[in-house]
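Enquirer: Next comes data.txt, compact mmCIF, C-alpha atoms and all ligand atoms:
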# COMPACT_ATOMS: atom_id res chain seq x y z
CA MET A 1085 186.53 88.03 71.29
CA MET A 1086 183.23 86.71 69.82
CA LYS A 1087 180.33 88.16 71.84
CA GLU A 1088 178.44 85.39 73.63
CA LYS A 1089 175.02 85.14 71.94
CA THR A 1090 172.00 86.21 73.99
CA ARG A 1091 170.18 83.07 75.19
CA ILE A 1092 166.51 83.24 74.15
CA ALA A 1093 163.45 81.34 75.38
CA VAL A 1094 160.35 81.39 73.15
CA LEU A 1095 157.05 80.87 74.98
CA VAL A 1096 154.21 79.45 72.89
CA SER A 1097 150.67 78.05 73.20
CA GLY A 1098 149.50 77.21 69.68
CA GLY A 1099 150.45 76.88 66.03
CA GLY A 1100 153.86 78.50 66.44
CA THR A 1101 154.01 80.44 63.16
CA ASN A 1102 155.79 83.26 65.00
CA LEU A 1103 158.22 80.74 66.48
CA GLN A 1104 158.78 79.45 62.94
CA ALA A 1105 159.52 82.99 61.77
CA LEU A 1106 162.17 83.26 64.52
CA ILE A 1107 163.66 79.86 63.62
CA ASP A 1108 163.77 80.78 59.91
CA ALA A 1109 165.37 84.16 60.71
CA GLN A 1110 167.98 82.38 62.87
CA ASN A 1111 168.71 79.96 60.02
CA ARG A 1112 169.10 82.90 57.61
CA GLY A 1113 171.63 84.46 59.99
CA GLU A 1114 169.27 87.34 60.83
CA LEU A 1115 169.36 86.59 64.57
CA SER A 1116 173.15 86.92 64.77
CA HIS A 1117 173.24 88.19 68.37
CA GLY A 1118 170.81 85.63 69.76
CA GLU A 1119 170.24 81.90 70.02
CA ILE A 1120 166.89 80.20 70.71
CA VAL A 1121 167.91 77.74 73.43
CA VAL A 1122 164.48 76.51 74.58
CA VAL A 1123 160.79 76.55 73.63
CA ILE A 1124 158.28 76.44 76.49
CA SER A 1125 154.65 75.66 75.65
CA SER A 1126 151.65 76.13 77.93
CA SER A 1127 149.94 73.29 76.06
CA ARG A 1128 151.22 69.82 75.18
CA LEU A 1129 149.07 69.97 72.03
CA ALA A 1130 150.79 73.03 70.57
CA TYR A 1131 152.07 72.41 67.06
CA ALA A 1132 154.82 74.88 68.01
CA LEU A 1133 156.46 71.96 69.89
CA GLU A 1134 156.69 70.03 66.59
CA ARG A 1135 158.36 73.03 65.00
CA ALA A 1136 160.90 73.20 67.84
CA LYS A 1137 161.62 69.46 67.55
CA THR A 1138 162.17 69.72 63.77
CA ALA A 1139 164.57 72.59 64.41
CA GLY A 1140 166.43 70.61 67.08
CA ILE A 1141 165.46 73.04 69.84
CA PRO A 1142 164.56 71.56 73.28
CA GLY A 1143 160.82 71.86 73.97
CA HIS A 1144 159.05 71.67 77.31
CA VAL A 1145 155.42 71.90 78.47
CA VAL A 1146 154.38 73.87 81.55
CA ASN A 1147 150.60 73.68 81.88
CA LEU A 1148 148.66 75.88 84.29
CA LYS A 1149 145.93 73.31 84.98
CA LYS A 1150 148.47 70.54 85.66
CA ARG A 1151 150.53 72.82 87.90
CA GLY A 1152 147.39 73.71 89.86
CA SER A 1153 148.09 77.40 90.50
CA GLN A 1154 149.50 80.51 88.80
CA GLU A 1155 152.44 80.46 91.25
CA ALA A 1156 153.33 76.82 90.49
CA PHE A 1157 152.86 77.50 86.75
CA GLU A 1158 155.25 80.45 86.84
CA GLU A 1159 157.71 78.53 89.06
CA GLY A 1160 157.80 75.80 86.43
CA ILE A 1161 158.64 78.36 83.75
CA GLU A 1162 161.25 80.07 85.95
CA ASP A 1163 162.94 76.71 86.68
CA LEU A 1164 163.38 76.11 82.94
CA LEU A 1165 164.59 79.68 82.34
CA LYS A 1166 167.27 79.09 85.02
CA GLU A 1167 168.17 75.64 83.66
CA TYR A 1168 168.78 77.07 80.19
CA ARG A 1169 170.39 80.30 81.50
CA VAL A 1170 167.87 82.35 79.54
CA GLU A 1171 168.50 86.09 79.17
CA LEU A 1172 165.60 87.12 76.91
CA ILE A 1173 162.01 85.81 76.80
CA VAL A 1174 159.92 86.10 73.61
CA LEU A 1175 156.15 85.53 73.85
CA ALA A 1176 155.05 84.16 70.46
CA GLY A 1177 151.37 83.34 70.48
CA PHE A 1178 151.60 82.67 74.22
CA MET A 1179 148.05 82.70 75.60
CA ASN A 1180 148.64 82.67 79.36
CA ILE A 1181 148.88 85.60 81.74
CA LEU A 1182 152.21 86.25 83.49
CA SER A 1183 151.81 87.95 86.88
CA PRO A 1184 153.44 91.25 87.85
CA THR A 1185 155.63 89.18 90.24
CA PHE A 1186 157.00 87.35 87.21
CA THR A 1187 157.25 90.29 84.78
CA SER A 1188 158.89 92.57 87.38
CA ARG A 1189 161.78 90.07 87.56
CA TRP A 1190 162.38 90.55 83.81
CA PRO A 1191 162.33 94.32 83.17
CA ASN A 1192 162.83 95.01 79.42
CA ARG A 1193 163.62 91.32 78.96
CA ILE A 1194 160.21 90.02 77.79
CA LEU A 1195 158.96 90.75 74.26
CA ASN A 1196 155.43 90.14 72.97
CA ILE A 1197 153.90 90.31 69.50
CA HIS A 1198 150.37 91.69 69.42
CA PRO A 1199 148.34 91.43 66.18
CA ALA A 1200 147.12 95.04 66.18
CA LEU A 1201 148.51 98.59 66.35
CA ILE A 1202 148.58 99.15 70.12
CA PRO A 1203 146.77 101.03 71.73
CA SER A 1204 144.01 99.83 69.37
CA PHE A 1205 142.33 96.48 69.97
CA CYS A 1206 144.51 95.40 72.87
CA GLY A 1207 144.28 94.60 76.57
CA LYS A 1208 142.01 92.14 78.32
CA GLY A 1209 140.11 89.82 75.98
CA TYR A 1210 141.90 90.95 72.80
CA TYR A 1211 143.88 87.97 71.53
CA GLY A 1212 144.05 85.75 68.42
CA LEU A 1213 141.13 86.04 66.03
CA LYS A 1214 139.16 88.30 68.43
CA VAL A 1215 141.57 91.13 67.63
CA HIS A 1216 140.80 90.95 63.90
CA GLU A 1217 137.07 90.53 64.50
CA ALA A 1218 137.12 93.75 66.54
CA ALA A 1219 139.07 95.63 63.83
CA LEU A 1220 136.60 94.52 61.14
CA GLN A 1221 133.67 95.31 63.44
CA ARG A 1222 134.99 98.85 64.00
CA GLY A 1223 135.58 99.31 60.28
CA VAL A 1224 139.18 100.56 60.52
CA LYS A 1225 140.97 100.75 57.14
CA VAL A 1226 144.40 99.94 58.53
CA THR A 1227 145.54 97.52 61.23
CA GLY A 1228 148.90 95.83 61.80
CA ALA A 1229 151.13 94.34 64.48
CA THR A 1230 153.13 95.60 67.44
CA VAL A 1231 156.15 94.24 69.29
CA HIS A 1232 156.38 95.62 72.81
CA PHE A 1233 158.12 94.94 76.09
CA VAL A 1234 155.90 93.14 78.59
CA ASN A 1235 155.23 94.70 81.98
CA GLU A 1236 152.46 94.40 84.56
CA ILE A 1237 149.88 96.09 82.30
CA PRO A 1238 148.46 93.73 79.62
CA ASP A 1239 149.87 95.02 76.28
CA GLY A 1240 151.06 98.09 78.21
CA GLY A 1241 154.85 97.96 77.95
CA GLU A 1242 157.12 100.18 75.81
CA ILE A 1243 156.45 99.76 72.07
CA LEU A 1244 159.52 98.67 70.06
CA LEU A 1245 158.26 98.15 66.50
CA GLN A 1246 154.97 98.48 64.60
CA LYS A 1247 153.97 97.75 61.01
CA ALA A 1248 150.70 98.78 59.31
CA VAL A 1249 148.66 96.37 57.18
CA GLU A 1250 145.77 97.41 54.90
CA ILE A 1251 142.30 95.99 55.48
CA LEU A 1252 140.52 95.03 52.22
CA PRO A 1253 136.74 95.32 51.67
CA ASP A 1254 135.85 91.62 51.77
CA ASP A 1255 138.32 90.57 54.46
CA THR A 1256 137.20 87.88 56.88
CA PRO A 1257 138.89 87.67 60.30
CA GLU A 1258 140.86 84.61 59.13
CA VAL A 1259 142.04 86.26 55.89
CA LEU A 1260 143.00 89.43 57.77
CA GLN A 1261 144.84 87.44 60.49
CA ARG A 1262 146.90 85.66 57.86
CA ARG A 1263 147.81 88.94 56.10
CA VAL A 1264 148.82 90.55 59.43
CA MET A 1265 150.96 87.51 60.25
CA GLU A 1266 152.64 87.40 56.80
CA GLU A 1267 153.13 91.13 56.29
CA ALA A 1268 153.79 92.23 59.86
CA GLU A 1269 154.18 89.70 62.69
CA TRP A 1270 156.62 87.36 61.00
CA LYS A 1271 158.80 90.35 59.99
CA LEU A 1272 158.65 92.40 63.18
CA LEU A 1273 159.25 89.69 65.78
CA PRO A 1274 162.62 88.51 64.44
CA GLN A 1275 163.69 92.12 63.84
CA ALA A 1276 162.80 93.22 67.40
CA THR A 1277 164.32 90.07 68.92
CA GLU A 1278 167.63 90.72 67.16
CA MET A 1279 167.57 94.39 68.26
CA VAL A 1280 167.17 93.46 71.94
CA ALA A 1281 169.52 90.46 71.72
CA GLU A 1282 172.23 92.74 70.32
CA ALA A 1283 171.69 95.31 73.10
CA ILE A 1284 171.98 92.56 75.75
CA ALA A 1285 175.07 91.05 74.10
CA LYS A 1286 176.71 94.49 74.02
CA GLU A 1287 175.84 95.06 77.68
CA LYS A 1288 177.56 91.78 78.60
CA GLU A 1289 180.63 92.96 76.71
CA LYS A 1290 181.12 95.93 79.04
C1 LIG A 1301 148.05 84.68 66.39
O1 LIG A 1301 146.79 85.27 66.60
C2 LIG A 1301 149.09 85.75 66.35
O2 LIG A 1301 148.56 86.90 65.73
C3 LIG A 1301 149.34 86.02 67.80
O3 LIG A 1301 149.23 84.74 68.44
C4 LIG A 1301 148.39 83.88 67.63
C5 LIG A 1301 149.06 82.57 67.31
O4 LIG A 1301 150.30 82.82 66.78
N1 LIG A 1301 150.65 86.58 67.99
P1 LIG A 1301 151.34 81.58 66.48
O5 LIG A 1301 151.00 81.07 65.12
O6 LIG A 1301 151.12 80.51 67.56
O7 LIG A 1301 152.69 82.20 66.52
Show how you would write the structure in this file as structure tokens.

Expert:
Amino acid sequence: MMKEKTRIAVLVSGGGTNLQALIDAQNRGELSHGEIVVVISSSRLAYALERAKTAGIPGHVVNLKKRGSQEAFEEGIEDLLKEYRVELIVLAGFMNILSPTFTSRWPNRILNIHPALIPSFCGKGYYGLKVHEAALQRGVKVTGATVHFVNEIPDGGEILLQKAVEILPDDTPEVLQRRVMEEAEWKLLPQATEMVAEAIAKEKEK
């Protein structure tokens, strides 16, 4: 009997290039144990929502400011996760904090892509371009990306996959960010998502 695909929600806030990498992997048949059933954005302006629409994936906005509190924000996300019977959450450029109350309800069921080799350049304040600025500032010769499970410690959960990326002498933060995305993030996130989706699908089989 065909295993039921693991139902995946992708949470976004911005450009959605990591979401696009997941959509492209799904279209290439590289996400065979999972299906992206919903995209949830913390901002109505996120281009990631356009990407979802083009791919025919339902998109919704849950905005912290509009919801008025962290609790109401997380309740809005949980309602959608229930509505779409989500089994696996992937944070792809998602810029909001999720509380320990939320993450503890999803043990080993939330993945995040961080644009550095954790434990370097991670934790509070390290996101987006700031991560690459810090790496260049420190003068490291190698950086990369990490996919990890999300728990109550920012960037603290179990590490699933990492990939190293070389820093070149005249790199700017923007050039470095693009290389880390192309050579690491956009490869690792689909790979890790399929790994966990397969494990969940197999679990359901038992
Ligand atoms: C980028 O800094 C990426 O490294 C990190 O989130 C930011 C936006 O990614 N994962 P995306 O283009 O919205 O996926």

Enquirer: Extract, using only C-alpha atoms, all DNA, RNA and protein residues at most 10 Å from Ile1120 of chain A, discarding same-chain residues fewer than 3 positions from it, and format them as JSON, numbers by chain.

Expert: {"A": [1089, 1090, 1091, 1092, 1093, 1094, 1103, 1106, 1107, 1110, 1115, 1123, 1136, 1141, 1142, 1170, 1172, 1173, 1174]}

Enquirer: Atom CA of Ala1109 of chain A and atom CA of Ala1200 of chain A are how many Å apart?

Expert: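 Separating atom CA of Ala1109 of chain A from atom CA of Ala1200 of chain A is a distance of 21.9 Å.
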
Enquirer: Here is a test: counting all atoms listed in the file, which residue of A:Val1145, A:Ile1243, A:Leu1252, A:Ala1229 is nearest to ligand LIG 1301 (chain A)?

Expert: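 Result for the nearest residue to ligand LIG 1301 (chain A): A:Ala1229.
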
Enquirer: Using only C-alpha atoms, which of A:Gly1177, A:Pro1253, A:Pro1199, A:Gly1140 sits nearest Leu1095 of chain A?

Expert: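 Checking each of A:Gly1177, A:Pro1253, A:Pro1199, A:Gly1140 against Leu1095 of chain A, counting only C-alpha atoms, the winner is A:Gly1177.
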
Enquirer: Can you build me a table of chain A residues sitting at most 10 Å from ligand LIG 1301 (chain A), with the closest atom pair per residue and its distance in Å to one decimal, using only C-alpha atoms and all ligand atoms, sorted by chain and residue number, as CSV?

Expert:
residue,atom,partner,partner_atom,distance
A:Leu1095,CA,A:LIG1301,O6,9.5
A:Val1096,CA,A:LIG1301,O6,6.3
A:Ser1097,CA,A:LIG1301,O6,6.2
A:Gly1098,CA,A:LIG1301,O6,4.2
A:Gly1099,CA,A:LIG1301,O6,4.0
A:Gly1100,CA,A:LIG1301,O6,3.6
A:Thr1101,CA,A:LIG1301,O5,3.6
A:Asn1102,CA,A:LIG1301,O7,3.6
A:Leu1103,CA,A:LIG1301,O7,5.7
A:Gln1104,CA,A:LIG1301,O7,7.6
A:Ala1105,CA,A:LIG1301,O7,8.4
A:Leu1106,CA,A:LIG1301,O7,9.7
A:Ala1130,CA,A:LIG1301,O6,8.1
A:Tyr1131,CA,A:LIG1301,O6,8.2
A:Ala1132,CA,A:LIG1301,O6,6.8
A:Leu1175,CA,A:LIG1301,N1,8.1
A:Ala1176,CA,A:LIG1301,O7,5.0
A:Gly1177,CA,A:LIG1301,O3,3.3
A:Phe1178,CA,A:LIG1301,O3,6.6
A:Met1179,CA,A:LIG1301,O3,7.5
A:Asn1196,CA,A:LIG1301,N1,7.8
A:Ile1197,CA,A:LIG1301,N1,5.2
A:His1198,CA,A:LIG1301,N1,5.3
A:Pro1199,CA,A:LIG1301,O2,4.6
A:Ala1200,CA,A:LIG1301,O2,8.3
A:Tyr1210,CA,A:LIG1301,O1,9.7
A:Tyr1211,CA,A:LIG1301,O1,6.3
A:Gly1212,CA,A:LIG1301,O1,3.3
A:Leu1213,CA,A:LIG1301,O1,5.7
A:Lys1214,CA,A:LIG1301,O1,8.4
A:Val1215,CA,A:LIG1301,O1,7.9
A:His1216,CA,A:LIG1301,O1,8.7
A:Gly1228,CA,A:LIG1301,O2,9.8
A:Ala1229,CA,A:LIG1301,O2,8.0
A:Thr1230,CA,A:LIG1301,N1,9.4
A:Val1231,CA,A:LIG1301,N1,9.5
A:Glu1258,CA,A:LIG1301,O1,9.6
A:Gln1261,CA,A:LIG1301,O2,6.4
A:Arg1262,CA,A:LIG1301,O2,8.1
A:Arg1263,CA,A:LIG1301,O2,9.9
A:Val1264,CA,A:LIG1301,O2,7.3
A:Met1265,CA,A:LIG1301,O2,6.0
A:Glu1266,CA,A:LIG1301,O2,9.8
A:Ala1268,CA,A:LIG1301,O2,9.5
A:Glu1269,CA,A:LIG1301,O2,7.0
A:Trp1270,CA,A:LIG1301,O7,8.5
A:Leu1273,CA,A:LIG1301,N1,9.4

Enquirer: What does the distance from atom CA of Glu1236 of chain A to atom CA of Lys1150 of chain A come to in Å, to one decimal?

Expert: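 These atoms are spaced 24.2 Å apart.
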
Enquirer: Using atom CA of Ser1183 of chain A and atom CA of Pro1203 of chain A as the two end points, give the distance in Å to one decimal.

Expert: 20.6 Å

Enquirer: Considering only C-alpha atoms, return as a PDB file with C-alpha atoms, keeping the file's coordinate frame whatever protein or nucleic-acid residues lie within 9 Å of Leu1201 of chain A, sequence-local ones (same chain, fewer than 4 positions apart) excluded.

Expert:
ATOM      1  CA  PHE A1205     142.330  96.480  69.970  1.00  0.00           C
ATOM      2  CA  CYS A1206     144.510  95.400  72.870  1.00  0.00           C
ATOM      3  CA  VAL A1226     144.400  99.940  58.530  1.00  0.00           C
ATOM      4  CA  THR A1227     145.540  97.520  61.230  1.00  0.00           C
ATOM      5  CA  GLY A1228     148.900  95.830  61.800  1.00  0.00           C
ATOM      6  CA  ALA A1229     151.130  94.340  64.480  1.00  0.00           C
ATOM      7  CA  THR A1230     153.130  95.600  67.440  1.00  0.00           C
ATOM      8  CA  GLN A1246     154.970  98.480  64.600  1.00  0.00           C
ATOM      9  CA  LYS A1247     153.970  97.750  61.010  1.00  0.00           C
ATOM     10  CA  ALA A1248     150.700  98.780  59.310  1.00  0.00           C
TER      11      ALA A1248
END

Enquirer: Smallest atom-to-atom distance to Thr1187 of chain A: which of A:Asn1235, A:Asn1147, A:Gln1275, A:Gln1221, using all atoms listed in the file?

Expert: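 Nearest candidate to Thr1187 of chain A out of A:Asn1235, A:Asn1147, A:Gln1275, A:Gln1221: A:Asn1235.
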
Enquirer: Which residue out of A:Ser1204, A:Arg1112, A:Gly1118, A:Ser1125 has the minimum interatomic distance to Lys1286 of chain A when only C-alpha atoms are used?

Expert: A:Gly1118

Enquirer: Considering all atoms listed in the file, can you say which of A:Glu1217, A:Glu1289, A:Glu1088, A:Glu1158 comes closest to Arg1189 of chain A?

Expert: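 Closest to Arg1189 of chain A, using all atoms listed in the file: A:Glu1158.
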